[in-house]
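J.: Following this line is my_file09.cif, made up of mmCIF, C-alpha atoms:
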```
data_protein
#
loop_
_atom_site.label_atom_id
_atom_site.label_comp_id
_atom_site.auth_asym_id
_atom_site.auth_seq_id
_atom_site.Cartn_x
_atom_site.Cartn_y
_atom_site.Cartn_z
CA MET A 1 64.88 116.13 107.12
CA LEU A 2 66.51 114.77 103.96
CA ASP A 3 66.12 118.12 102.18
CA THR A 4 67.72 119.87 105.15
CA ASP A 5 70.71 117.51 105.07
CA ARG A 6 71.14 118.11 101.37
CA GLN A 7 71.04 121.86 101.88
CA ILE A 8 73.66 121.65 104.62
CA ALA A 9 75.90 119.52 102.40
CA LYS A 10 75.50 121.98 99.52
CA GLU A 11 76.33 124.96 101.73
CA ARG A 12 79.39 123.11 103.07
CA LYS A 13 80.58 122.36 99.54
CA ASP A 14 80.07 125.98 98.50
CA ARG A 15 82.14 127.16 101.46
CA ILE A 16 84.97 124.79 100.61
CA LEU A 17 84.98 125.85 96.97
CA HIS A 18 85.18 129.43 98.09
CA THR A 19 88.09 128.85 100.47
CA VAL A 20 90.25 126.45 98.42
CA PRO A 21 92.54 128.56 96.20
CA ASN A 22 93.19 128.06 92.52
CA SER A 23 96.52 126.52 91.49
CA ALA A 24 97.67 129.92 90.19
CA ASP A 25 97.32 131.39 93.68
CA THR A 26 99.61 128.80 95.30
CA ASN A 27 102.64 128.88 92.99
CA GLY A 28 101.78 125.56 91.43
CA CYS A 29 101.52 123.51 94.65
CA LEU A 30 98.08 122.32 93.55
CA LYS A 31 98.90 121.88 89.87
CA LYS A 32 97.94 118.20 89.93
CA ILE A 33 94.46 119.08 91.14
CA LYS A 34 92.50 120.06 88.07
CA THR A 35 89.43 121.52 89.71
CA GLN A 36 88.47 122.82 93.11
CA GLU A 37 85.61 120.30 93.16
CA GLU A 38 88.12 117.49 93.67
CA PHE A 39 88.47 118.64 97.26
CA CYS A 40 84.77 117.97 97.71
CA ASP A 41 84.76 114.59 95.98
CA MET A 42 85.61 112.81 99.20
CA LYS A 43 83.96 109.77 100.73
CA ALA A 44 83.42 109.34 104.44
CA THR A 45 84.96 106.08 105.67
CA GLY A 46 83.39 106.10 109.11
CA ILE A 47 86.86 105.45 110.55
CA VAL A 48 88.19 107.62 113.38
CA ARG A 49 91.83 107.60 114.43
CA ARG A 50 93.45 109.39 117.36
CA ILE A 51 96.78 111.20 117.10
CA ASP A 52 99.39 109.79 119.48
CA ASP A 53 101.72 111.77 121.72
CA LEU A 54 104.24 112.09 118.87
CA GLY A 55 101.68 113.60 116.51
CA ARG A 56 101.32 110.42 114.44
CA VAL A 57 98.12 108.97 113.01
CA VAL A 58 97.72 105.52 111.45
CA ILE A 59 96.09 105.24 108.02
CA PRO A 60 94.03 102.01 108.13
CA LYS A 61 95.44 99.05 106.19
CA GLU A 62 92.36 98.74 103.97
CA ILE A 63 92.67 102.36 102.84
CA ARG A 64 96.40 101.94 102.23
CA ARG A 65 95.70 98.86 100.13
CA THR A 66 92.89 100.45 98.13
CA MET A 67 94.81 103.68 97.52
CA ARG A 68 98.12 101.84 96.96
CA ILE A 69 99.88 103.75 99.70
CA ARG A 70 103.13 101.95 100.43
CA GLU A 71 105.63 102.24 103.23
CA GLY A 72 107.81 105.27 102.56
CA ASP A 73 105.40 106.91 100.10
CA PRO A 74 105.33 110.73 100.34
CA LEU A 75 102.01 112.42 101.08
CA GLU A 76 101.16 116.08 100.59
CA ILE A 77 99.11 117.72 103.32
CA TYR A 78 96.47 120.35 102.57
CA THR A 79 94.29 122.26 105.02
CA SER A 80 91.18 124.36 104.63
CA LYS A 81 89.55 127.10 106.66
CA GLU A 82 86.76 124.65 107.44
CA GLY A 83 89.14 122.50 109.48
CA GLU A 84 89.80 119.76 106.93
CA VAL A 85 93.20 118.12 106.84
CA ILE A 86 93.63 116.41 103.47
CA PHE A 87 96.35 113.91 102.58
CA LYS A 88 97.15 113.50 98.90
CA LYS A 89 99.63 111.09 97.35
CA TYR A 90 102.62 113.00 96.04
CA SER A 91 104.22 111.97 92.76
CA LEU A 92 107.84 112.97 92.25
CA MET A 93 107.34 112.27 88.54
CA GLY A 94 104.66 114.93 88.44
CA ASP A 95 107.41 117.55 88.42
CA ILE A 96 108.69 116.42 85.01
CA ASP A 97 105.44 116.22 83.04
CA ASP A 98 106.81 118.35 80.21
CA LEU A 99 110.07 116.41 79.91
CA ALA A 100 108.21 113.11 80.02
CA GLY A 101 105.90 114.34 77.28
CA GLN A 102 108.86 115.25 75.07
CA PHE A 103 110.34 111.79 75.54
CA CYS A 104 107.03 110.14 74.67
CA GLU A 105 106.70 112.18 71.48
CA ALA A 106 110.26 111.44 70.35
CA LEU A 107 110.12 107.73 71.15
CA SER A 108 106.69 107.35 69.59
CA LYS A 109 107.89 108.80 66.31
CA ASN A 110 110.99 106.60 66.41
CA VAL A 111 109.10 103.32 66.87
CA SER A 112 105.86 104.37 65.14
CA GLY A 113 103.84 103.26 68.12
CA ILE A 114 102.39 104.20 71.49
CA VAL A 115 104.79 105.22 74.23
CA ALA A 116 103.89 106.32 77.76
CA VAL A 117 105.57 107.41 80.96
CA THR A 118 104.03 106.56 84.32
CA ASP A 119 104.67 107.32 87.93
CA ARG A 120 104.09 104.53 90.44
CA ASP A 121 100.32 104.78 90.09
CA THR A 122 99.14 106.46 86.90
CA VAL A 123 99.98 107.26 83.29
CA ILE A 124 101.33 110.83 83.32
CA SER A 125 102.31 111.26 79.64
CA ILE A 126 101.52 109.42 76.41
CA ALA A 127 102.02 109.83 72.67
CA GLY A 128 101.11 107.86 69.55
CA GLY A 129 97.54 107.01 70.52
CA GLY A 130 95.35 105.97 73.42
CA LYS A 131 95.54 109.31 75.21
CA ARG A 132 91.84 109.53 76.00
CA GLU A 133 91.70 105.96 77.30
CA LEU A 134 94.99 105.86 79.23
CA LEU A 135 96.19 109.30 80.30
CA GLU A 136 95.91 109.81 84.07
CA LYS A 137 94.38 106.37 84.52
CA ARG A 138 95.62 104.03 87.24
CA ILE A 139 98.06 101.37 86.05
CA SER A 140 97.00 97.75 86.38
CA GLY A 141 97.92 95.70 89.40
CA GLU A 142 99.88 93.27 87.24
CA LEU A 143 101.95 96.06 85.72
CA GLU A 144 102.59 97.47 89.18
CA LYS A 145 103.96 94.10 90.33
CA ILE A 146 106.23 93.93 87.28
CA LEU A 147 107.65 97.37 87.98
CA GLU A 148 108.30 96.49 91.61
CA ASP A 149 110.79 93.87 90.34
CA ARG A 150 112.88 96.83 89.10
CA SER A 151 113.98 95.08 85.94
CA ILE A 152 113.03 95.59 82.31
CA TYR A 153 109.99 93.60 81.23
CA ARG A 154 109.67 92.36 77.66
CA ASP A 155 106.72 90.38 76.30
CA THR A 156 108.40 87.67 74.24
CA SER A 157 105.22 85.75 73.48
CA GLY A 158 103.28 88.58 71.86
CA GLU A 159 100.16 87.54 73.72
CA GLY A 160 99.72 90.92 75.38
CA ALA A 161 99.03 89.53 78.81
CA VAL A 162 99.73 92.70 80.80
CA ALA A 163 97.14 95.48 80.60
CA VAL A 164 98.35 99.06 80.91
CA THR A 165 95.50 100.27 83.11
CA GLU A 166 92.80 98.80 85.30
CA GLY A 167 89.68 97.68 83.45
CA ASN A 168 91.06 98.25 79.94
CA GLU A 169 92.26 95.12 78.15
CA LYS A 170 92.59 96.81 74.75
CA TYR A 171 96.00 98.35 75.44
CA THR A 172 98.78 96.08 76.66
CA VAL A 173 102.46 96.49 77.51
CA TYR A 174 105.07 94.74 75.40
CA LEU A 175 108.05 96.57 76.92
CA ALA A 176 108.40 98.29 80.30
CA ALA A 177 111.54 99.91 81.71
CA PRO A 178 111.40 101.05 85.35
CA ILE A 179 112.60 104.55 86.20
CA LEU A 180 114.97 104.20 89.16
CA SER A 181 116.43 107.05 91.19
CA GLN A 182 118.65 106.62 94.23
CA GLY A 183 117.37 103.12 94.69
CA ASP A 184 113.69 104.06 94.49
CA MET A 185 111.31 102.99 91.73
CA LEU A 186 109.55 106.20 90.62
CA GLY A 187 107.76 105.11 87.47
CA SER A 188 108.31 103.57 84.07
CA VAL A 189 108.67 104.01 80.32
CA LEU A 190 106.12 101.85 78.52
CA PHE A 191 105.89 100.67 74.93
CA ILE A 192 102.25 99.87 74.29
CA THR A 193 100.23 98.07 71.65
CA ASP A 194 96.54 97.71 70.87
CA ALA A 195 97.07 94.69 68.59
CA PRO A 196 98.13 91.15 69.53
CA GLY A 197 101.46 89.69 68.45
CA LYS A 198 103.61 92.77 69.11
CA THR A 199 107.07 92.13 70.56
CA ALA A 200 110.05 94.39 71.18
CA GLY A 201 113.24 94.30 69.17
CA GLU A 202 116.70 95.19 70.41
CA THR A 203 116.36 98.78 69.21
CA GLU A 204 113.17 99.34 71.18
CA TYR A 205 114.72 97.65 74.21
CA ALA A 206 117.71 99.98 74.07
CA LEU A 207 115.51 103.07 73.60
CA ALA A 208 113.30 102.24 76.58
CA GLU A 209 116.30 101.47 78.77
CA THR A 210 118.08 104.69 77.78
CA ALA A 211 114.99 106.85 78.35
CA ALA A 212 114.27 105.32 81.75
CA THR A 213 117.91 105.73 82.81
CA PHE A 214 117.97 109.38 81.71
CA LEU A 215 114.74 110.22 83.53
CA GLY A 216 115.98 108.48 86.67
CA ARG A 217 119.22 110.46 86.67
CA HIS A 218 117.32 113.66 85.95
CA MET A 219 115.28 113.09 89.12
CA GLU A 220 118.49 112.90 91.13
CA ASN A 221 119.53 116.43 90.13
#
```
Go ahead and express the file in the form of C-alpha coordinates.

T.:
Amino acid sequence: MLDTDRQIAKERKDRILHTVPNSADTNGCLKKIKTQEEFCDMKATGIVRRIDDLGRVVIPKEIRRTMRIREGDPLEIYTSKEGEVIFKKYSLMGDIDDLAGQFCEALSKNVSGIVAVTDRDTVISIAGGGKRELLEKRISGELEKILEDRSIYRDTSGEGAVAVTEGNEKYTVYLAAPILSQGDMLGSVLFITDAPGKTAGETEYALAETAATFLGRHMEN
(Lines of atoms letter the chains of each structure in order from A and count residues from 1; the text may use other names and numbers.)
(Lines give C-alpha, C1' and ligand atoms only; values in the text may rest on other atoms or scores of the structure.)
Protein backbone atom coordinates (compact mmCIF):
# COMPACT_ATOMS: atom_id res chain seq x y z
CA MET A 1 0.00 0.00 0.00
CA LEU A 2 2.84 2.38 0.87
CA ASP A 3 4.55 1.75 -2.47
CA THR A 4 1.28 2.45 -4.27
CA ASP A 5 0.87 5.77 -2.44
CA ARG A 6 4.40 6.75 -3.34
CA GLN A 7 3.80 5.92 -6.99
CA ILE A 8 0.62 7.99 -7.04
CA ALA A 9 2.45 10.93 -5.44
CA LYS A 10 5.27 10.64 -7.98
CA GLU A 11 2.85 10.53 -10.91
CA ARG A 12 1.01 13.57 -9.51
CA LYS A 13 4.28 15.49 -9.19
CA ASP A 14 5.29 14.56 -12.74
CA ARG A 15 1.95 15.82 -14.04
CA ILE A 16 2.32 19.13 -12.23
CA LEU A 17 5.87 19.61 -13.50
CA HIS A 18 4.62 18.99 -16.99
CA THR A 19 1.74 21.47 -16.75
CA VAL A 20 3.42 24.35 -14.86
CA PRO A 21 5.11 26.60 -17.46
CA ASN A 22 8.61 27.98 -17.31
CA SER A 23 9.04 31.66 -16.40
CA ALA A 24 10.00 32.42 -20.02
CA ASP A 25 6.59 31.20 -21.19
CA THR A 26 4.65 33.57 -18.91
CA ASN A 27 6.34 36.90 -19.63
CA GLY A 28 8.14 36.92 -16.32
CA CYS A 29 5.09 36.45 -14.06
CA LEU A 30 6.86 33.52 -12.40
CA LYS A 31 10.33 35.06 -12.33
CA LYS A 32 10.57 34.76 -8.54
CA ILE A 33 10.01 31.01 -8.76
CA LYS A 34 13.36 29.50 -9.60
CA THR A 35 12.28 25.98 -10.43
CA GLN A 36 9.09 24.21 -11.34
CA GLU A 37 9.66 21.87 -8.39
CA GLU A 38 8.77 24.69 -5.99
CA PHE A 39 5.15 24.18 -6.96
CA CYS A 40 5.42 20.64 -5.67
CA ASP A 41 7.23 21.53 -2.45
CA MET A 42 3.96 22.07 -0.63
CA LYS A 43 2.87 20.72 2.73
CA ALA A 44 -0.66 19.61 3.47
CA THR A 45 -2.05 21.44 6.51
CA GLY A 46 -5.14 19.29 6.96
CA ILE A 47 -7.18 22.50 7.12
CA VAL A 48 -10.27 22.91 4.95
CA ARG A 49 -11.99 26.24 4.44
CA ARG A 50 -15.23 26.97 2.59
CA ILE A 51 -15.66 29.94 0.26
CA ASP A 52 -18.44 32.27 1.36
CA ASP A 53 -21.15 33.78 -0.83
CA LEU A 54 -18.84 36.68 -1.74
CA GLY A 55 -16.08 34.37 -2.95
CA ARG A 56 -13.88 34.94 0.11
CA VAL A 57 -11.82 32.36 1.97
CA VAL A 58 -10.11 32.84 5.33
CA ILE A 59 -6.43 31.94 5.66
CA PRO A 60 -6.04 30.48 9.19
CA LYS A 61 -4.32 32.70 11.75
CA GLU A 62 -1.54 30.18 12.41
CA ILE A 63 -0.61 30.06 8.73
CA ARG A 64 -0.70 33.85 8.49
CA ARG A 65 1.59 34.09 11.50
CA THR A 66 4.04 31.45 10.27
CA MET A 67 4.16 32.86 6.74
CA ARG A 68 4.15 36.49 7.98
CA ILE A 69 1.06 37.37 5.99
CA ARG A 70 -0.20 40.69 7.27
CA GLU A 71 -3.43 42.56 6.75
CA GLY A 72 -3.28 44.27 3.37
CA ASP A 73 -0.46 42.09 2.00
CA PRO A 74 -0.81 41.32 -1.74
CA LEU A 75 -0.96 37.68 -2.81
CA GLU A 76 -0.44 36.31 -6.31
CA ILE A 77 -2.78 33.55 -7.42
CA TYR A 78 -1.63 30.67 -9.62
CA THR A 79 -3.68 27.79 -10.99
CA SER A 80 -2.78 24.49 -12.57
CA LYS A 81 -4.55 22.07 -14.87
CA GLU A 82 -4.72 19.65 -11.96
CA GLY A 83 -7.09 21.96 -10.10
CA GLU A 84 -4.63 23.53 -7.67
CA VAL A 85 -5.13 27.13 -6.62
CA ILE A 86 -1.86 28.44 -5.22
CA PHE A 87 -1.42 31.67 -3.26
CA LYS A 88 2.06 33.18 -3.22
CA LYS A 89 3.20 36.28 -1.35
CA TYR A 90 3.85 39.08 -3.80
CA SER A 91 6.80 41.40 -3.27
CA LEU A 92 6.59 44.83 -4.87
CA MET A 93 10.35 45.13 -4.33
CA GLY A 94 10.87 42.09 -6.52
CA ASP A 95 10.29 44.31 -9.55
CA ILE A 96 13.42 46.36 -8.87
CA ASP A 97 15.97 43.60 -8.26
CA ASP A 98 18.43 45.07 -10.76
CA LEU A 99 18.17 48.62 -9.40
CA ALA A 100 18.52 47.37 -5.84
CA GLY A 101 21.61 45.41 -6.84
CA GLN A 102 23.18 48.52 -8.37
CA PHE A 103 22.55 50.47 -5.17
CA CYS A 104 24.09 47.70 -3.06
CA GLU A 105 27.21 47.61 -5.21
CA ALA A 106 27.67 51.39 -5.14
CA LEU A 107 27.04 51.75 -1.42
CA SER A 108 29.23 48.77 -0.58
CA LYS A 109 32.17 50.28 -2.41
CA ASN A 110 31.56 53.64 -0.75
CA VAL A 111 31.56 52.29 2.83
CA SER A 112 33.84 49.29 2.21
CA GLY A 113 31.33 46.99 3.82
CA ILE A 114 28.27 44.81 3.35
CA VAL A 115 25.10 46.46 2.12
CA ALA A 116 21.77 44.77 1.41
CA VAL A 117 18.27 45.62 0.26
CA THR A 118 15.29 43.67 1.56
CA ASP A 119 11.61 43.51 0.94
CA ARG A 120 9.34 42.97 3.94
CA ASP A 121 10.39 39.35 4.29
CA THR A 122 13.68 38.49 2.63
CA VAL A 123 17.05 39.82 1.47
CA ILE A 124 16.65 40.50 -2.26
CA SER A 125 20.06 42.05 -3.08
CA ILE A 126 23.44 42.17 -1.34
CA ALA A 127 27.00 43.27 -2.06
CA GLY A 128 30.30 43.29 -0.17
CA GLY A 129 30.05 39.80 1.32
CA GLY A 130 27.65 37.34 2.88
CA LYS A 131 25.75 36.63 -0.32
CA ARG A 132 25.66 32.86 0.11
CA GLU A 133 24.53 33.11 3.73
CA LEU A 134 22.02 35.96 3.41
CA LEU A 135 20.63 36.34 -0.10
CA GLU A 136 16.96 35.30 -0.32
CA LYS A 137 16.92 34.33 3.35
CA ARG A 138 14.09 35.44 5.62
CA ILE A 139 14.88 38.47 7.76
CA SER A 140 14.87 38.02 11.52
CA GLY A 141 11.80 38.72 13.58
CA GLU A 142 13.63 41.42 15.51
CA LEU A 143 14.64 43.22 12.33
CA GLU A 144 11.08 42.97 11.06
CA LYS A 145 9.80 44.68 14.22
CA ILE A 146 12.37 47.45 13.83
CA LEU A 147 11.30 48.11 10.25
CA GLU A 148 7.64 48.23 11.24
CA ASP A 149 8.51 51.32 13.33
CA ARG A 150 9.24 53.06 10.00
CA SER A 151 12.19 55.00 11.34
CA ILE A 152 15.91 54.65 10.76
CA TYR A 153 17.61 52.24 13.15
CA ARG A 154 21.21 52.79 14.20
CA ASP A 155 23.17 50.52 16.55
CA THR A 156 24.95 52.99 18.81
CA SER A 157 26.36 50.37 21.18
CA GLY A 158 28.23 48.30 18.60
CA GLU A 159 27.03 45.13 20.26
CA GLY A 160 25.37 43.81 17.10
CA ALA A 161 22.18 42.77 18.80
CA VAL A 162 19.99 42.54 15.69
CA ALA A 163 20.59 39.59 13.37
CA VAL A 164 19.94 40.09 9.66
CA THR A 165 18.29 36.72 9.08
CA GLU A 166 16.69 33.96 11.10
CA GLY A 167 19.14 31.47 12.60
CA ASN A 168 22.31 33.34 11.60
CA GLU A 169 23.93 35.37 14.37
CA LYS A 170 27.15 36.01 12.44
CA TYR A 171 25.78 38.92 10.41
CA THR A 172 24.13 41.79 12.26
CA VAL A 173 22.59 45.12 11.31
CA TYR A 174 24.23 48.33 12.46
CA LEU A 175 22.11 50.63 10.28
CA ALA A 176 18.67 50.06 8.74
CA ALA A 177 16.65 52.56 6.71
CA PRO A 178 13.06 51.58 5.85
CA ILE A 179 11.89 51.98 2.26
CA LEU A 180 8.55 53.80 2.40
CA SER A 181 6.20 54.36 -0.52
CA GLN A 182 2.80 56.03 -0.27
CA GLY A 183 2.70 55.32 3.42
CA ASP A 184 3.57 51.62 3.08
CA MET A 185 6.75 50.01 4.35
CA LEU A 186 8.08 47.95 1.41
CA GLY A 187 11.54 46.97 2.58
CA SER A 188 14.83 48.38 3.79
CA VAL A 189 18.42 49.33 3.06
CA LEU A 190 20.74 47.56 5.49
CA PHE A 191 24.34 48.19 6.47
CA ILE A 192 25.68 44.92 7.81
CA THR A 193 28.71 43.75 9.74
CA ASP A 194 30.19 40.39 10.66
CA ALA A 195 32.42 41.83 13.39
CA PRO A 196 31.41 43.30 16.77
CA GLY A 197 31.88 46.96 17.59
CA LYS A 198 30.73 48.40 14.25
CA THR A 199 28.68 51.60 14.41
CA ALA A 200 27.44 53.98 11.73
CA GLY A 201 28.81 57.45 11.17
CA GLU A 202 26.92 60.42 9.80
CA THR A 203 28.04 59.69 6.25
CA GLU A 204 26.69 56.15 6.34
CA TYR A 205 23.48 57.39 7.94
CA ALA A 206 22.98 59.91 5.15
CA LEU A 207 23.76 57.33 2.44
CA ALA A 208 21.28 54.80 3.81
CA GLU A 209 18.59 57.44 4.22
CA THR A 210 19.12 58.78 0.69
CA ALA A 211 19.08 55.31 -0.89
CA ALA A 212 15.92 54.27 0.94
CA THR A 213 14.18 57.53 0.01
CA PHE A 214 15.14 57.16 -3.66
CA LEU A 215 13.93 53.55 -3.85
CA GLY A 216 10.67 54.49 -2.14
CA ARG A 217 10.00 57.29 -4.62
CA HIS A 218 10.97 55.03 -7.50
CA MET A 219 8.26 52.57 -6.40
CA GLU A 220 5.68 55.35 -6.62
CA ASN A 221 6.36 55.93 -10.33

J.: Residues within 10 Å of (106.6, 112.5, 99.5), file coordinates, counting all atoms listed in the file: what are they? Give the list as number ranges by chain.

T.: A: 72-77, 88-92

J.: Those same residues - C-alpha atoms - I'd like them written as a PDB file, in the frame of the given file.

T.:
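Here's the written file again-v5.pdb:
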```pdb
ATOM      1  CA  GLY A  72     107.810 105.270 102.560  1.00  0.00           C
ATOM      2  CA  ASP A  73     105.400 106.910 100.100  1.00  0.00           C
ATOM      3  CA  PRO A  74     105.330 110.730 100.340  1.00  0.00           C
ATOM      4  CA  LEU A  75     102.010 112.420 101.080  1.00  0.00           C
ATOM      5  CA  GLU A  76     101.160 116.080 100.590  1.00  0.00           C
ATOM      6  CA  ILE A  77      99.110 117.720 103.320  1.00  0.00           C
ATOM      7  CA  LYS A  88      97.150 113.500  98.900  1.00  0.00           C
ATOM      8  CA  LYS A  89      99.630 111.090  97.350  1.00  0.00           C
ATOM      9  CA  TYR A  90     102.620 113.000  96.040  1.00  0.00           C
ATOM     10  CA  SER A  91     104.220 111.970  92.760  1.00  0.00           C
ATOM     11  CA  LEU A  92     107.840 112.970  92.250  1.00  0.00           C
TER      12      LEU A  92
END
```

J.: Run the PyMOL selection byres ((chain A and resi 125-131) around 8) mentally over the shown coordinates, then write out the matched residues as an mmCIF file with C-alpha atoms, in the frame of the given file, using the chain letters and numbers from the document.

T.:
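Contents of the output file out_28.cif:
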```cif
data_model
loop_
_atom_site.group_PDB
_atom_site.id
_atom_site.type_symbol
_atom_site.label_atom_id
_atom_site.label_comp_id
_atom_site.auth_asym_id
_atom_site.auth_seq_id
_atom_site.Cartn_x
_atom_site.Cartn_y
_atom_site.Cartn_z
ATOM 1 C CA ASP A 97 105.440 116.220 83.040
ATOM 2 C CA ALA A 100 108.210 113.110 80.020
ATOM 3 C CA GLY A 101 105.900 114.340 77.280
ATOM 4 C CA CYS A 104 107.030 110.140 74.670
ATOM 5 C CA GLU A 105 106.700 112.180 71.480
ATOM 6 C CA SER A 108 106.690 107.350 69.590
ATOM 7 C CA LYS A 109 107.890 108.800 66.310
ATOM 8 C CA SER A 112 105.860 104.370 65.140
ATOM 9 C CA GLY A 113 103.840 103.260 68.120
ATOM 10 C CA ILE A 114 102.390 104.200 71.490
ATOM 11 C CA VAL A 115 104.790 105.220 74.230
ATOM 12 C CA ALA A 116 103.890 106.320 77.760
ATOM 13 C CA VAL A 117 105.570 107.410 80.960
ATOM 14 C CA THR A 118 104.030 106.560 84.320
ATOM 15 C CA VAL A 123 99.980 107.260 83.290
ATOM 16 C CA ILE A 124 101.330 110.830 83.320
ATOM 17 C CA ARG A 132 91.840 109.530 76.000
ATOM 18 C CA GLU A 133 91.700 105.960 77.300
ATOM 19 C CA LEU A 134 94.990 105.860 79.230
ATOM 20 C CA LEU A 135 96.190 109.300 80.300
ATOM 21 C CA GLU A 136 95.910 109.810 84.070
ATOM 22 C CA TYR A 171 96.000 98.350 75.440
#
```

J.: Compute the distance from (110.2, 91.3, 77.0) to each atom, counting only C-alpha atoms, keep the residues with any atom at most 9 Å away, and return them as an NGL selection string; use the coordinates of the file.

T.: :A and (152-157 or 174-176 or 199-201 or 205)

J.: Would you mind reading off the distance between atom CA of Leu143 of chain A and atom CA of Lys43 of chain A, one decimal, in Å?

T.: 27.1 Å

J.: Given the PyMOL selection byres ((chain A and resi 216) around 12) and the file above, list the residues it selects as number ranges by chain.

T.: A: 92-93, 96, 99-100, 117, 119, 177-189, 209-215, 217-221

J.: Using only C-alpha atoms, which protein or nucleic acid residues come within 12 Å of Thr45 of chain A? Drop anything in the same chain fewer than 2 positions from it, and give the result as a list in words.

T.: Met42, Lys43, Ile47, Val48, Arg49, Ile59, Pro60, Glu62 and Ile63 of chain A

J.: When distances are computed from all atoms listed in the file, which of A:Asp98, A:Ile146, A:Lys137, A:Phe87 shows the smallest separation from Arg64 of chain A?

T.: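 The shortest atom-to-atom distance to Arg64 of chain A comes from A:Phe87.
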
J.: Quick one: pull the distance between atom CA of Arg65 of chain A and atom CA of Asp121 of chain A, Å, one decimal.

T.: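 These two atoms are separated by 12.5 Å.
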
J.: Can you tell me how far atom CA of Thr122 of chain A sits from atom CA of Gly46 of chain A, in Å to one decimal?

T.: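 Separation between atom CA of Thr122 of chain A and atom CA of Gly46 of chain A: 27.2 Å.
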